[in-house]
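Visitor: Quick one: the structure is below, questions incoming.
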Amino acid sequence: MHELSVTESVLEIACKHAEQARAKKVTDIYLVIGKLSSIVDDSVQFYWDFISKGTICEEATLHFKRIPAEMVCLDCNHNYTLEDELTPCPQCGSARIRVVAGDEFNLESIEVQR
């Protein structure tokens, strides 16, 4: 259900920037979503189709770019990409790890029609 609130935020941001650019219509929205975020693309799309009606963003195409989860071991400083679930460092087995990438969610860019 949190996808509704983040989708509302994306709509608000896109509308604001499109209006500032004096656009007639937003055609494309590019979203960056980390693998570790709990955002579900299909849910965002579902809410988008509903809440964007009647706005400058209506019928804009959403593009989803998924970022893999990257970790760093705090003991041996080894960087690695997480394949599936959270795992200890493959180099030394330590569970002291930090997320370097993969937990982001942001609106990267929008394309508009003037």
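The way I read the labels, and the way they are meant: chains A, B, ... in the order of the structure tokens, residue 1 as the first residue of every chain, and ligand 1 as the first ligand shown, with later ones counted on from there.
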When DSSP is applied to the backbone of this structure, which of chain A are assigned alpha helix (DSSP H)? Write them out as a ChimeraX atom specification.
Guide: /A:2-20,41-51
Visitor: Which residues are close to stretch 63-65 of chain A, i.e. within 6 Å by only C-alpha atoms, leaving aside same-chain residues fewer than 6 positions away? Reply as an MDAnalysis selection string.
Guide: chainID A and resid 30:32
Visitor: Show me, as JSON lines, the residues of stretch 27-69 of chain A having an atom within 7 Å of stretch 84-107 of chain A, each with the closest atom pair and its distance in Å, using only C-alpha atoms.
Guide:
```
{"residue": "A:Tyr30", "atom": "CA", "partner": "A:Leu107", "partner_atom": "CA", "distance": 6.0}
{"residue": "A:Leu31", "atom": "CA", "partner": "A:Leu107", "partner_atom": "CA", "distance": 4.6}
{"residue": "A:Val32", "atom": "CA", "partner": "A:Asn106", "partner_atom": "CA", "distance": 5.3}
{"residue": "A:Ile33", "atom": "CA", "partner": "A:Phe105", "partner_atom": "CA", "distance": 4.5}
{"residue": "A:Gly34", "atom": "CA", "partner": "A:Gly102", "partner_atom": "CA", "distance": 3.8}
{"residue": "A:Lys35", "atom": "CA", "partner": "A:Gly102", "partner_atom": "CA", "distance": 5.1}
{"residue": "A:Leu36", "atom": "CA", "partner": "A:Asp103", "partner_atom": "CA", "distance": 4.9}
{"residue": "A:Ser37", "atom": "CA", "partner": "A:Asp103", "partner_atom": "CA", "distance": 4.9}
{"residue": "A:Ile67", "atom": "CA", "partner": "A:Gly102", "partner_atom": "CA", "distance": 5.4}
{"residue": "A:Pro68", "atom": "CA", "partner": "A:Gly102", "partner_atom": "CA", "distance": 5.3}
{"residue": "A:Ala69", "atom": "CA", "partner": "A:Gly102", "partner_atom": "CA", "distance": 4.0}
```
Visitor: Report as a PyMOL selection string all protein, DNA and RNA residues lying within 12 Å of A:Tyr47, evaluated on only C-alpha atoms, omitting residues in the same chain fewer than 5 positions from it.
Guide: chain A and resi 1-11+40-42+52-53+58+62
Visitor: Deliver the residues from the most recent selection as a file, using C-alpha atoms, as a PDB file, in the first residue's frame.
Guide:
```
ATOM      1  CA  MET A   1       0.000   0.000   0.000  1.00  0.00           C
ATOM      2  CA  HIS A   2       2.971   2.372   0.462  1.00  0.00           C
ATOM      3  CA  GLU A   3       3.291   2.422  -3.334  1.00  0.00           C
ATOM      4  CA  LEU A   4       0.278   4.760  -3.390  1.00  0.00           C
ATOM      5  CA  SER A   5       2.042   7.420  -1.330  1.00  0.00           C
ATOM      6  CA  VAL A   6       5.299   7.208  -3.306  1.00  0.00           C
ATOM      7  CA  THR A   7       3.350   7.311  -6.581  1.00  0.00           C
ATOM      8  CA  GLU A   8       1.512  10.403  -5.354  1.00  0.00           C
ATOM      9  CA  SER A   9       4.895  11.984  -4.595  1.00  0.00           C
ATOM     10  CA  VAL A  10       6.188  11.154  -8.083  1.00  0.00           C
ATOM     11  CA  LEU A  11       3.065  12.719  -9.608  1.00  0.00           C
ATOM     12  CA  VAL A  40       6.704  -3.073  -6.673  1.00  0.00           C
ATOM     13  CA  ASP A  41       6.729  -1.776 -10.266  1.00  0.00           C
ATOM     14  CA  ASP A  42       3.280  -3.152 -11.115  1.00  0.00           C
ATOM     15  CA  SER A  52      -2.600  10.718 -13.012  1.00  0.00           C
ATOM     16  CA  LYS A  53      -5.978  11.005 -14.777  1.00  0.00           C
ATOM     17  CA  GLU A  58      -1.979  11.568 -17.751  1.00  0.00           C
ATOM     18  CA  LEU A  62       6.695   5.089 -16.577  1.00  0.00           C
TER      19      LEU A  62
END
```
Visitor: Hey, which of A:Ala60, A:Ser38, A:Gly54, A:Arg114 ends up closest to A:Ala14? Count only C-alpha atoms.
Guide: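 Of all the options, A:Ala60 lies closest to A:Ala14.
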Visitor: When DSSP works through the backbone of this structure, what residues of stretch 2-94 of chain A end up as strand (DSSP E or B), shown as a ChimeraX atom specification?
Guide: /A:25-34,61-67,70-73,79-81
Visitor: Limited to N, CA and C atoms, could you put the picked residues into a file as a short mmCIF file (atom, residue, chain, number, x, y, z; two decimals), in the first residue's frame?
Guide:
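And here's out_29.cif as it stands now:
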```cif
data_model
loop_
_atom_site.label_atom_id
_atom_site.label_comp_id
_atom_site.auth_asym_id
_atom_site.auth_seq_id
_atom_site.Cartn_x
_atom_site.Cartn_y
_atom_site.Cartn_z
N LYS A 25 2.45 18.69 -21.73
CA LYS A 25 2.20 17.31 -21.33
C LYS A 25 3.50 16.64 -20.91
N VAL A 26 3.42 15.76 -19.92
CA VAL A 26 4.55 14.91 -19.56
C VAL A 26 4.38 13.62 -20.35
N THR A 27 5.42 13.22 -21.07
CA THR A 27 5.31 12.02 -21.91
C THR A 27 5.97 10.79 -21.29
N ASP A 28 7.07 11.00 -20.57
CA ASP A 28 7.82 9.88 -20.00
C ASP A 28 8.38 10.28 -18.63
N ILE A 29 8.38 9.29 -17.73
CA ILE A 29 8.95 9.47 -16.40
C ILE A 29 9.89 8.30 -16.13
N TYR A 30 11.12 8.61 -15.74
CA TYR A 30 12.14 7.60 -15.50
C TYR A 30 12.40 7.48 -14.00
N LEU A 31 12.14 6.30 -13.47
CA LEU A 31 12.30 6.02 -12.05
C LEU A 31 13.45 5.06 -11.82
N VAL A 32 14.24 5.31 -10.79
CA VAL A 32 15.33 4.43 -10.39
C VAL A 32 14.93 3.79 -9.07
N ILE A 33 14.95 2.44 -9.06
CA ILE A 33 14.50 1.70 -7.89
C ILE A 33 15.54 0.65 -7.54
N GLY A 34 16.01 0.70 -6.32
CA GLY A 34 16.98 -0.28 -5.85
C GLY A 34 16.34 -1.62 -5.57
N THR A 61 4.36 7.59 -19.84
CA THR A 61 4.90 6.25 -19.70
C THR A 61 5.92 6.23 -18.57
N LEU A 62 5.73 5.28 -17.66
CA LEU A 62 6.69 5.09 -16.58
C LEU A 62 7.77 4.10 -17.02
N HIS A 63 9.02 4.46 -16.78
CA HIS A 63 10.15 3.59 -17.09
C HIS A 63 10.84 3.24 -15.77
N PHE A 64 11.01 1.95 -15.52
CA PHE A 64 11.59 1.49 -14.27
C PHE A 64 13.01 0.96 -14.51
N LYS A 65 13.96 1.52 -13.80
CA LYS A 65 15.35 1.07 -13.89
C LYS A 65 15.71 0.50 -12.52
N ARG A 66 16.00 -0.78 -12.48
CA ARG A 66 16.34 -1.46 -11.22
C ARG A 66 17.85 -1.44 -10.99
N ILE A 67 18.25 -1.06 -9.79
CA ILE A 67 19.65 -1.00 -9.40
C ILE A 67 19.95 -2.22 -8.53
N GLU A 70 24.35 -3.62 -3.83
CA GLU A 70 25.80 -3.73 -3.64
C GLU A 70 26.12 -3.54 -2.17
N MET A 71 26.98 -4.40 -1.68
CA MET A 71 27.33 -4.40 -0.26
C MET A 71 28.84 -4.21 -0.11
N VAL A 72 29.25 -3.76 1.08
CA VAL A 72 30.66 -3.72 1.43
C VAL A 72 30.80 -4.35 2.82
N CYS A 73 31.80 -5.18 2.96
CA CYS A 73 32.09 -5.82 4.24
C CYS A 73 32.84 -4.82 5.12
N ASN A 79 33.86 -5.52 -1.61
CA ASN A 79 32.60 -5.10 -2.24
C ASN A 79 32.03 -6.26 -3.03
N TYR A 80 30.72 -6.45 -2.93
CA TYR A 80 30.08 -7.52 -3.70
C TYR A 80 28.63 -7.18 -4.00
N THR A 81 28.13 -7.82 -5.04
CA THR A 81 26.74 -7.65 -5.45
C THR A 81 25.91 -8.76 -4.85
#
```
Visitor: What is the distance between atom CA of A:Ile110 and atom CA of A:Glu59, in Å to one decimal?
Guide: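 According to the coordinates, atom CA of A:Ile110 and atom CA of A:Glu59 are separated by 13.0 Å.
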Visitor: One number please: atom CA of A:Arg22 to atom CA of A:Phe50, in Å, one decimal.
Guide: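 Between these atoms lies a distance of 23.7 Å.
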Visitor: Between atom CA of A:Lys24 and atom CA of A:Gln113, what is the spacing in Å?
Guide: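 Straight-line distance from atom CA of A:Gln113 to atom CA of A:Lys24 works out to 5.6 Å.
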Visitor: Do a neighbour search on A:Cys15 at 7 Å with only C-alpha atoms, toss out local chain neighbours closer than 4 positions, and write the hits as a PyMOL selection string.
Guide: chain A and resi 11+19+56-57
